[in-house]
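One structure below.
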Amino acid sequence: TTAHFRVEMTNLLGDEVDQWTKLAAKPDMRLHLYGKAEARPGRKMAHVNRVKAL
(Lines give C-alpha, C1' and ligand atoms only; values in the text may rest on other atoms or scores of the structure.)
Protein backbone atom coordinates (compact mmCIF):
# COMPACT_ATOMS: atom_id res chain seq x y z
CA THR A 1 0.00 0.00 0.00
CA THR A 2 1.27 3.44 -0.92
CA ALA A 3 0.54 6.43 1.31
CA HIS A 4 -0.80 9.50 -0.48
CA PHE A 5 -1.46 11.76 2.51
CA ARG A 6 -0.42 12.23 6.11
CA VAL A 7 -3.40 12.42 8.47
CA GLU A 8 -3.49 13.69 12.05
CA MET A 9 -6.62 12.98 14.12
CA THR A 10 -7.70 15.09 17.09
CA ASN A 11 -10.63 14.20 19.36
CA LEU A 12 -13.01 16.96 20.43
CA LEU A 13 -14.00 16.42 24.06
CA GLY A 14 -16.91 18.02 25.89
CA ASP A 15 -17.55 21.63 24.94
CA GLU A 16 -14.56 21.67 22.54
CA VAL A 17 -17.15 20.51 19.99
CA ASP A 18 -18.48 24.09 19.97
CA GLN A 19 -15.45 24.96 17.80
CA TRP A 20 -16.67 22.72 14.96
CA THR A 21 -17.75 25.55 12.63
CA LYS A 22 -14.29 27.13 12.79
CA LEU A 23 -12.59 23.77 12.20
CA ALA A 24 -14.90 22.76 9.34
CA ALA A 25 -14.07 25.99 7.49
CA LYS A 26 -10.41 25.01 7.12
CA PRO A 27 -9.74 23.31 3.76
CA ASP A 28 -7.33 20.73 5.20
CA MET A 29 -9.74 19.59 7.96
CA ARG A 30 -12.35 16.83 7.82
CA LEU A 31 -14.87 16.92 10.66
CA HIS A 32 -16.74 13.89 12.02
CA LEU A 33 -19.55 14.78 14.47
CA TYR A 34 -20.91 11.86 16.50
CA GLY A 35 -24.44 13.27 16.93
CA LYS A 36 -24.45 13.10 20.72
CA ALA A 37 -27.06 15.34 22.32
CA GLU A 38 -25.18 16.39 25.46
CA ALA A 39 -21.58 17.53 25.85
CA ARG A 40 -20.01 16.55 29.19
CA PRO A 41 -16.42 17.03 30.35
CA GLY A 42 -14.21 14.32 28.84
CA ARG A 43 -16.93 12.91 26.55
CA LYS A 44 -15.87 12.29 22.93
CA MET A 45 -18.19 14.42 20.83
CA ALA A 46 -16.36 14.48 17.50
CA HIS A 47 -12.97 14.26 15.85
CA VAL A 48 -11.19 16.16 13.12
CA ASN A 49 -8.70 14.78 10.65
CA ARG A 50 -6.09 17.16 9.27
CA VAL A 51 -5.08 15.91 5.84
CA LYS A 52 -1.63 16.91 4.57
CA ALA A 53 0.13 16.03 1.34
CA LEU A 54 3.29 13.98 1.67
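Residues are named by chain letter and number: chains run A, B, ... in the order of the C-alpha coordinates, numbers start at 1 in each chain, and ligands are numbered from 1 in the order shown.
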
Next item on the list: Tell me, as a list of chain:residue names, which residues lie within 7 Å of A:Leu31, counting only C-alpha atoms; anything in the same chain fewer than 5 positions away does not count.
Entry: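 Counting only the stated atoms, we get A:Ala24, A:His47, A:Val48, A:Asn49.
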
Next item on the list: Would you kindly return, as a count of residues only, each protein, DNA or RNA residue with an atom no farther than 12 Å from any atom of A:Leu23, considering only C-alpha atoms and excluding same-chain residues fewer than 4 positions away?
Entry: 18

Next item on the list: Measure the distance from atom CA of A:Gly35 to atom CA of A:Arg6 in Å and round it to one decimal.
Entry: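 So the answer is 26.4 Å.
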
Next item on the list: Could you tell me, as a PyMOL selection string, which residues of chain A DSSP assigns to helix (DSSP H, G or I) when given the backbone?
Entry: chain A and resi 14-24

Write the selection just made, keeping N, CA and C atoms, as a PDB file, in the first residue's frame?
```
ATOM      1  N   GLY A  14     -16.029  17.090  25.187  1.00  0.00           N
ATOM      2  CA  GLY A  14     -16.911  18.015  25.890  1.00  0.00           C
ATOM      3  C   GLY A  14     -17.266  19.226  25.054  1.00  0.00           C
ATOM      4  N   ASP A  15     -17.147  20.415  25.647  1.00  0.00           N
ATOM      5  CA  ASP A  15     -17.553  21.628  24.937  1.00  0.00           C
ATOM      6  C   ASP A  15     -16.557  22.084  23.871  1.00  0.00           C
ATOM      7  N   GLU A  16     -15.457  21.366  23.669  1.00  0.00           N
ATOM      8  CA  GLU A  16     -14.564  21.666  22.540  1.00  0.00           C
ATOM      9  C   GLU A  16     -15.306  21.524  21.217  1.00  0.00           C
ATOM     10  N   VAL A  17     -16.372  20.721  21.207  1.00  0.00           N
ATOM     11  CA  VAL A  17     -17.149  20.509  19.988  1.00  0.00           C
ATOM     12  C   VAL A  17     -17.784  21.815  19.500  1.00  0.00           C
ATOM     13  N   ASP A  18     -17.925  22.803  20.376  1.00  0.00           N
ATOM     14  CA  ASP A  18     -18.483  24.094  19.973  1.00  0.00           C
ATOM     15  C   ASP A  18     -17.610  24.801  18.936  1.00  0.00           C
ATOM     16  N   GLN A  19     -16.371  24.371  18.776  1.00  0.00           N
ATOM     17  CA  GLN A  19     -15.449  24.958  17.800  1.00  0.00           C
ATOM     18  C   GLN A  19     -15.627  24.380  16.398  1.00  0.00           C
ATOM     19  N   TRP A  20     -16.600  23.474  16.201  1.00  0.00           N
ATOM     20  CA  TRP A  20     -16.673  22.717  14.959  1.00  0.00           C
ATOM     21  C   TRP A  20     -16.840  23.602  13.728  1.00  0.00           C
ATOM     22  N   THR A  21     -17.562  24.719  13.823  1.00  0.00           N
ATOM     23  CA  THR A  21     -17.750  25.552  12.632  1.00  0.00           C
ATOM     24  C   THR A  21     -16.430  26.170  12.178  1.00  0.00           C
ATOM     25  N   LYS A  22     -15.596  26.567  13.127  1.00  0.00           N
ATOM     26  CA  LYS A  22     -14.289  27.129  12.791  1.00  0.00           C
ATOM     27  C   LYS A  22     -13.394  26.058  12.159  1.00  0.00           C
ATOM     28  N   LEU A  23     -13.415  24.854  12.715  1.00  0.00           N
ATOM     29  CA  LEU A  23     -12.586  23.769  12.195  1.00  0.00           C
ATOM     30  C   LEU A  23     -13.052  23.307  10.821  1.00  0.00           C
ATOM     31  N   ALA A  24     -14.359  23.232  10.612  1.00  0.00           N
ATOM     32  CA  ALA A  24     -14.899  22.760   9.337  1.00  0.00           C
ATOM     33  C   ALA A  24     -14.605  23.729   8.201  1.00  0.00           C
TER      34      ALA A  24
END
```

Checklist line | Nearest-residue call for A:Leu54, choices A:Leu13, A:Phe5, A:Arg40, A:Lys26, using only C-alpha atoms | finding: A:Phe5

Next item on the list: as a list in words, list the residues of chain A assigned to strand (DSSP E) by DSSP on the backbone atoms of this structure.
Entry: Phe5, Arg6, Val7, Glu8, Met9, Thr10, Asn11, Leu12, Leu13, Met29, Arg30, Leu31, His32, Leu33, Lys44, Met45, Ala46, His47, Val48, Asn49, Arg50, Val51, Lys52 and Ala53 of chain A

Check: atom CA of A:Tyr34 and atom CA of A:Met9 are how many Å apart?
Finding: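 Spanning atom CA of A:Tyr34 to atom CA of A:Met9 is a straight-line distance of 14.5 Å.
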
Notebook entry, point to check: atom CA of A:Val7 and atom CA of A:Pro41, how far apart in Å?
Noted result: 25.9 Å
